[in-house]
2 protein chains.
Amino acid sequence: MTPPPRRVTQRDIARMAGVSQATVSLVLNNRTDADVRIAPETRDRVLQVIAETGYAADPAARRLASGFNRIIGVFTYEPAFPSGSRDFFHPFLLGIEEYAERVGCDLLLFTSAPVVDGRRRIFHQDNRLRLADGCILLGREIDGAELLRLNRDRFPYVAVGRRDDAGGPVPYVGADYASAVHRLAERALDLGHRRLTYVGMGTAAESSHDRRRGFHAGTAGAESARQITATALTADATVDDLRADGSTVVFVEDFATAVALESAARRSGLTVPGGLSVVTLGDPTVPVPTDITFTGFRIPREEMGRQAVEVLTGVIDGSAGGLQQRLLPCELVEGDTLGVPGSAVDRR
Amino acid sequence: MTPPPRRVTQRDIARMAGVSQATVSLVLNNRTDADVRIAPETRDRVLQVIAETGYAADPAARRLASGFNRIIGVFTYEPAFPSGSRDFFHPFLLGIEEYAERVGCDLLLFTSAPVVDGRRRIFHQDNRLRLADGCILLGREIDGAELLRLNRDRFPYVAVGRRDDAGGPVPYVGADYASAVHRLAERALDLGHRRLTYVGMGTAAESSHDRRRGFHAGTAGAESARQITATALTADATVDDLRADGSTVVFVEDFATAVALESAARRSGLTVPGGLSVVTLGDPTVPVPTDITFTGFRIPREEMGRQAVEVLTGVIDGSAGGLQQRLLPCELVEGDTLGVPGSAVDRR
DNA sequence: ACCGATCGCTAATACGCATTAGCGGCAGCG
DNA sequence: CGCTGCCGCTAATGCGTATTAGCGATCGGT
């Protein structure tokens, strides 16, 4: 751990240009305030030396002195590039990077965050959070206690995905699941469905809650609209359960579960969508092999990433005002798995 | 741009624990040298206060004072998460993240690097390079001048992919393309091929050069082994050219080009591999729809990322010694596109 | 009882930059 | 000629931490 060799500093530049270190700093920051004037020839001389030496300010010192350094932290509650969550995080990062590049920010990925009780923690002994001007939070579930702390510390941040209040409103850029599911439910009713079942994953995440809320709101005119949990049963057992209930359509939270249900339904003699309609409530987050285009909606992940950075920069420089919470619309996907009920072919 | 609110500092901790700031620092860094002793009860008292306040050292100040901060810079010569290069960078990042997490490092992505003359530049007015202890360079082609500068500045770095010297040896973790192509060429000769053609992309990148070198070395016993450039001709024209030359096998640098050639060959009445064998020299970097398993090799991208971080940590703490250059073997893929020549079916 | 050696801690300084009060010089004005 | 005001710049200070020299106290030895 030998310290790195000494680099060129502003003092060096100052000496070479025959000015003071302060002048170098002023020139570098292009300060042209009324009370800080630098003669054009002096400025040019300093810039000349800077160009010759290829000097660039030490970002750590700059940050320490000024409090800012144009770095945006990115915290992922799971590793950012795992094969498993690959298709989940990637679009977000795509948008985040794009906007960060546009506004000239670097990205600091907090990969060092240790895992405690099965999830990553922002706050730990050696967190480098404060190296960033603010940070973006990614993850299906985010610990409320950590949000609380971020709020308390007044650390600028934006969550990707809607979050409940945590000692104050949580800035976020989310997807409007409630509205999307609502519209899908109405469409099912329009097609003649009267008994609907929502198959959830049994998680407490806001994203899950919003979908259920949308389902509930959209099925007000139904004969029956119940909610069950996928993990409790196998796909085949779930299909049996649906038959027993008389449901003609399922709204499935998890894409892979929808795929499994669809094939289980057909296996049991039900056509899709005639015998059973299957609506998915989100893009696949893990690769699932299927040729079917499911009816559902598309989550604007990339755009969420972009806007998260946009909102964050607003939060950082205090210009955000009240609009620190955004819900982006989801585009509905006209798939092949939602249709008129009653054309079931039951071969049992 | 109002400065962020004052945070808890070591001075605050010191006051609360009734010790000096220096003591807090010593406790925090767990210093147990012979010439620095802290009474256990004092240490506990300080740790107690630290735990209560949830204090974490300011990384900028820490970096300024010590010269290190466990941050690894990642520089990509193209945006890191674009759809186009998606499958190219992702595996590297996967490995990089994994190893960084293991050694407790954060990753700093230099997304702010501006584009000059069509490529990103590491060194620019406002680069945050020195915020990291070292950095990893990703990209098909890396500017030699920037490598030179890194060497001159003695900034720790590791390139992913072999690089030619640039004012001294360049630390890298690359894939052994030369050996892989060499072996494939020998295999072609073994199968009876006598006239071979290498279809390159006409780039000056080391990776490209290594493949050609392997091709050259592996085809010493051939009747003809020539090299042409793909971009000069359409796939159909290239196939005509191959026929005219009497080539029975093509070694194709770019995966997408290989896909195009294969279908062009079949379109022109050649069977694959009987009429024309097609060997690919790298994994697809952009999604190309094909059902064929091409004969070629696999680039250990993920492992390259991992080992790049490993080598970098060695370079940073000076323990790397001479082993700062690694070439990882590529696993050959037994596909369906390399076979015995002469069984061509020419329907022309 | 005196001296040297440890022990436990602190004061002081450096790290490189941003910021501000203010200094010397010069011009303009009366 | 003296005063005011502006111009161009610098000295000084702070940001929060790591590091080191060294101080007072205690202890062991003779």
# chains A, B, ... in the order shown; residues from 1 in each chain; ligands from 1
>>> closest_atom_pairs(of="chain C", to="chain A", cutoff="10 Å", atoms="only C-alpha atoms (C1' of nucleotides)", output="tab-separated table")
residue	atom	partner	partner_atom	distance
C:DC15	C1'	A:Ala61	CA	8.0
C:DG16	C1'	A:Ala61	CA	5.1
C:DC17	C1'	A:Arg62	CA	5.2
C:DA18	C1'	A:Ala65	CA	5.6
C:DT19	C1'	A:Ala22	CA	8.9
C:DT20	C1'	A:Asp35	CA	10.0
>>> residues_around(residues="DT30 of chain D", least_positions_apart="6", cutoff="12 Å", atoms="only C-alpha atoms (C1' of nucleotides)", output="compact mmCIF listing (two decimals) with N, CA, C and O atoms (P, O5', C5', C4', C3', O3' and C1' of nucleotides), in the first residue's frame")
# COMPACT_ATOMS: atom_id res chain seq x y z
P DA C 1 11.90 8.70 48.96
O5' DA C 1 12.97 8.92 47.84
C5' DA C 1 14.31 9.24 48.19
C4' DA C 1 15.11 9.13 46.94
C3' DA C 1 14.54 9.93 45.77
O3' DA C 1 15.63 10.48 45.04
C1' DA C 1 14.63 7.65 45.17
P DC C 2 15.31 11.75 44.12
O5' DC C 2 16.05 11.28 42.79
C5' DC C 2 17.28 10.55 42.88
C4' DC C 2 17.41 9.67 41.66
C3' DC C 2 16.92 10.34 40.38
O3' DC C 2 17.94 10.31 39.41
C1' DC C 2 16.01 8.16 40.59
P DC C 3 17.76 11.15 38.07
O5' DC C 3 17.79 9.98 36.99
C5' DC C 3 18.66 8.86 37.18
C4' DC C 3 18.26 7.78 36.20
C3' DC C 3 17.77 8.33 34.85
O3' DC C 3 18.39 7.62 33.79
C1' DC C 3 16.14 6.87 35.77
P DG C 4 18.30 8.21 32.33
O5' DG C 4 17.58 7.02 31.56
C5' DG C 4 18.14 5.72 31.61
C4' DG C 4 17.06 4.68 31.32
C3' DG C 4 16.42 4.82 29.93
O3' DG C 4 16.41 3.54 29.31
C1' DG C 4 14.73 4.83 31.62
>>> interface_residues(of="chain B", to="chain A", cutoff="6 Å", atoms="only C-alpha atoms", output="list in words")
Met1, Pro3, Ala56, Pro59, Ala60, Leu64, Gly67, Phe81, Leu94, Glu101, Gly104, Cys105, Asp106, Leu107, Leu108, Leu109, Phe110, Thr111, Ser112, Gln125, Asp126, Arg128, Leu131 and Asp317 of chain B
>>> select_by_dssp(residues="segment 158-301 of chain B", states="helix (DSSP H, G or I)", output="VMD selection string")
chain B and resid 177 to 190 206 to 218 230 to 232 235 to 245 255 to 267 301
>>> residues_around(residues="Thr234 of chain B", least_positions_apart="3", cutoff="10 Å", atoms="only C-alpha atoms (C1' of nucleotides)", output="MDAnalysis selection string")
chainID B and resid 230:231 237:240 257 260:261 264
>>> interface_residues(of="chain D", to="chain A", cutoff="8 Å", atoms="only C-alpha atoms (C1' of nucleotides)", output="PyMOL selection string")
chain D and resi 7-10+14-16
>>> write_last_selection(atoms="C-alpha atoms (C1' of nucleotides)", output="short mmCIF file (atom, residue, chain, number, x, y, z; two decimals), in the first residue's frame")
data_model
loop_
_atom_site.label_atom_id
_atom_site.label_comp_id
_atom_site.auth_asym_id
_atom_site.auth_seq_id
_atom_site.Cartn_x
_atom_site.Cartn_y
_atom_site.Cartn_z
"C1'" DC D 7 -9.56 46.05 -11.06
"C1'" DG D 8 -6.71 42.06 -10.55
"C1'" DC D 9 -5.00 39.25 -7.68
"C1'" DT D 10 -3.39 36.72 -3.24
"C1'" DG D 14 -11.79 25.34 5.94
"C1'" DC D 15 -13.40 20.77 4.22
"C1'" DG D 16 -12.67 15.68 7.20
#
>>> residues_around(residues="Leu338 of chain B", least_positions_apart="5", cutoff="7 Å", atoms="only C-alpha atoms (C1' of nucleotides)", output="list in words")
Pro273, Ser277, Val278, Val279 and Thr295 of chain B
>>> write_last_selection(atoms="all heavy atoms", output="mmCIF file, in the first residue's frame")
data_model
loop_
_atom_site.group_PDB
_atom_site.id
_atom_site.type_symbol
_atom_site.label_atom_id
_atom_site.label_comp_id
_atom_site.auth_asym_id
_atom_site.auth_seq_id
_atom_site.Cartn_x
_atom_site.Cartn_y
_atom_site.Cartn_z
ATOM 1 N N PRO B 273 -21.727 -28.463 -43.559
ATOM 2 C CA PRO B 273 -20.357 -28.097 -43.892
ATOM 3 C C PRO B 273 -19.794 -28.804 -45.137
ATOM 4 O O PRO B 273 -18.665 -28.487 -45.514
ATOM 5 C CB PRO B 273 -19.587 -28.553 -42.654
ATOM 6 C CG PRO B 273 -20.341 -29.762 -42.211
ATOM 7 C CD PRO B 273 -21.773 -29.523 -42.558
ATOM 8 N N SER B 277 -17.390 -25.303 -45.234
ATOM 9 C CA SER B 277 -17.382 -25.286 -43.773
ATOM 10 C C SER B 277 -17.244 -23.849 -43.291
ATOM 11 O O SER B 277 -16.550 -23.043 -43.911
ATOM 12 C CB SER B 277 -16.224 -26.138 -43.235
ATOM 13 O OG SER B 277 -16.515 -27.513 -43.370
ATOM 14 N N VAL B 278 -17.927 -23.548 -42.202
ATOM 15 C CA VAL B 278 -17.894 -22.185 -41.663
ATOM 16 C C VAL B 278 -17.481 -22.249 -40.198
ATOM 17 O O VAL B 278 -18.150 -22.883 -39.382
ATOM 18 C CB VAL B 278 -19.268 -21.502 -41.776
ATOM 19 C CG1 VAL B 278 -19.205 -20.099 -41.188
ATOM 20 C CG2 VAL B 278 -19.733 -21.463 -43.220
ATOM 21 N N VAL B 279 -16.376 -21.596 -39.888
ATOM 22 C CA VAL B 279 -15.896 -21.561 -38.510
ATOM 23 C C VAL B 279 -16.000 -20.137 -37.994
ATOM 24 O O VAL B 279 -15.552 -19.197 -38.656
ATOM 25 C CB VAL B 279 -14.432 -22.040 -38.427
ATOM 26 C CG1 VAL B 279 -13.908 -21.925 -37.001
ATOM 27 C CG2 VAL B 279 -14.316 -23.475 -38.935
ATOM 28 N N THR B 295 -19.414 -24.042 -35.399
ATOM 29 C CA THR B 295 -18.140 -24.496 -34.845
ATOM 30 C C THR B 295 -17.274 -23.267 -34.598
ATOM 31 O O THR B 295 -17.214 -22.371 -35.443
ATOM 32 C CB THR B 295 -17.440 -25.442 -35.832
ATOM 33 O OG1 THR B 295 -18.273 -26.578 -36.050
ATOM 34 C CG2 THR B 295 -16.090 -25.899 -35.284
#
>>> residues_around(residues="Gly282 of chain A", least_positions_apart="3", cutoff="10 Å", atoms="only C-alpha atoms (C1' of nucleotides)", output="JSON, numbers by chain")
{"A": [177, 180, 181, 211, 252, 253, 254, 255, 279, 285, 295, 296, 297, 298, 299, 330]}
>>> residues_around(residues="segment 169-172 of chain B", least_positions_apart="4", cutoff="6 Å", atoms="only C-alpha atoms (C1' of nucleotides)", output="ChimeraX atom specification")
/B:158-160,162,165,324-325
>>> write_last_selection(atoms="N, CA and C atoms", output="PDB file, in the first residue's frame")
ATOM      1  N   VAL B 158      -5.739  -2.073 -15.710  1.00  0.00           N
ATOM      2  CA  VAL B 158      -5.665  -3.362 -16.388  1.00  0.00           C
ATOM      3  C   VAL B 158      -6.623  -3.325 -17.572  1.00  0.00           C
ATOM      4  N   ALA B 159      -6.123  -3.748 -18.706  1.00  0.00           N
ATOM      5  CA  ALA B 159      -6.990  -3.791 -19.879  1.00  0.00           C
ATOM      6  C   ALA B 159      -7.624  -5.166 -19.970  1.00  0.00           C
ATOM      7  N   VAL B 160      -8.863  -5.202 -20.420  1.00  0.00           N
ATOM      8  CA  VAL B 160      -9.496  -6.485 -20.694  1.00  0.00           C
ATOM      9  C   VAL B 160      -9.286  -6.765 -22.176  1.00  0.00           C
ATOM     10  N   ARG B 162      -5.931  -8.507 -24.709  1.00  0.00           N
ATOM     11  CA  ARG B 162      -4.496  -8.276 -24.876  1.00  0.00           C
ATOM     12  C   ARG B 162      -4.225  -6.942 -25.570  1.00  0.00           C
ATOM     13  N   ASP B 165       2.376  -3.300 -26.377  1.00  0.00           N
ATOM     14  CA  ASP B 165       3.068  -2.378 -25.492  1.00  0.00           C
ATOM     15  C   ASP B 165       2.739  -0.932 -25.853  1.00  0.00           C
ATOM     16  N   GLN B 324       1.479  -9.597 -14.757  1.00  0.00           N
ATOM     17  CA  GLN B 324       0.409  -8.636 -14.977  1.00  0.00           C
ATOM     18  C   GLN B 324      -0.225  -8.839 -16.345  1.00  0.00           C
ATOM     19  N   GLN B 325       0.168  -9.911 -16.997  1.00  0.00           N
ATOM     20  CA  GLN B 325      -0.432 -10.193 -18.295  1.00  0.00           C
ATOM     21  C   GLN B 325      -0.908 -11.632 -18.312  1.00  0.00           C
TER      22      GLN B 325
END
>>> residues_around(residues="Asp245 of chain B", least_positions_apart="2", cutoff="12 Å", atoms="only C-alpha atoms (C1' of nucleotides)", output="JSON, numbers by chain")
{"B": [194, 195, 196, 197, 223, 224, 225, 226, 227, 228, 238, 239, 240, 241, 242, 243, 247, 248, 249, 250]}
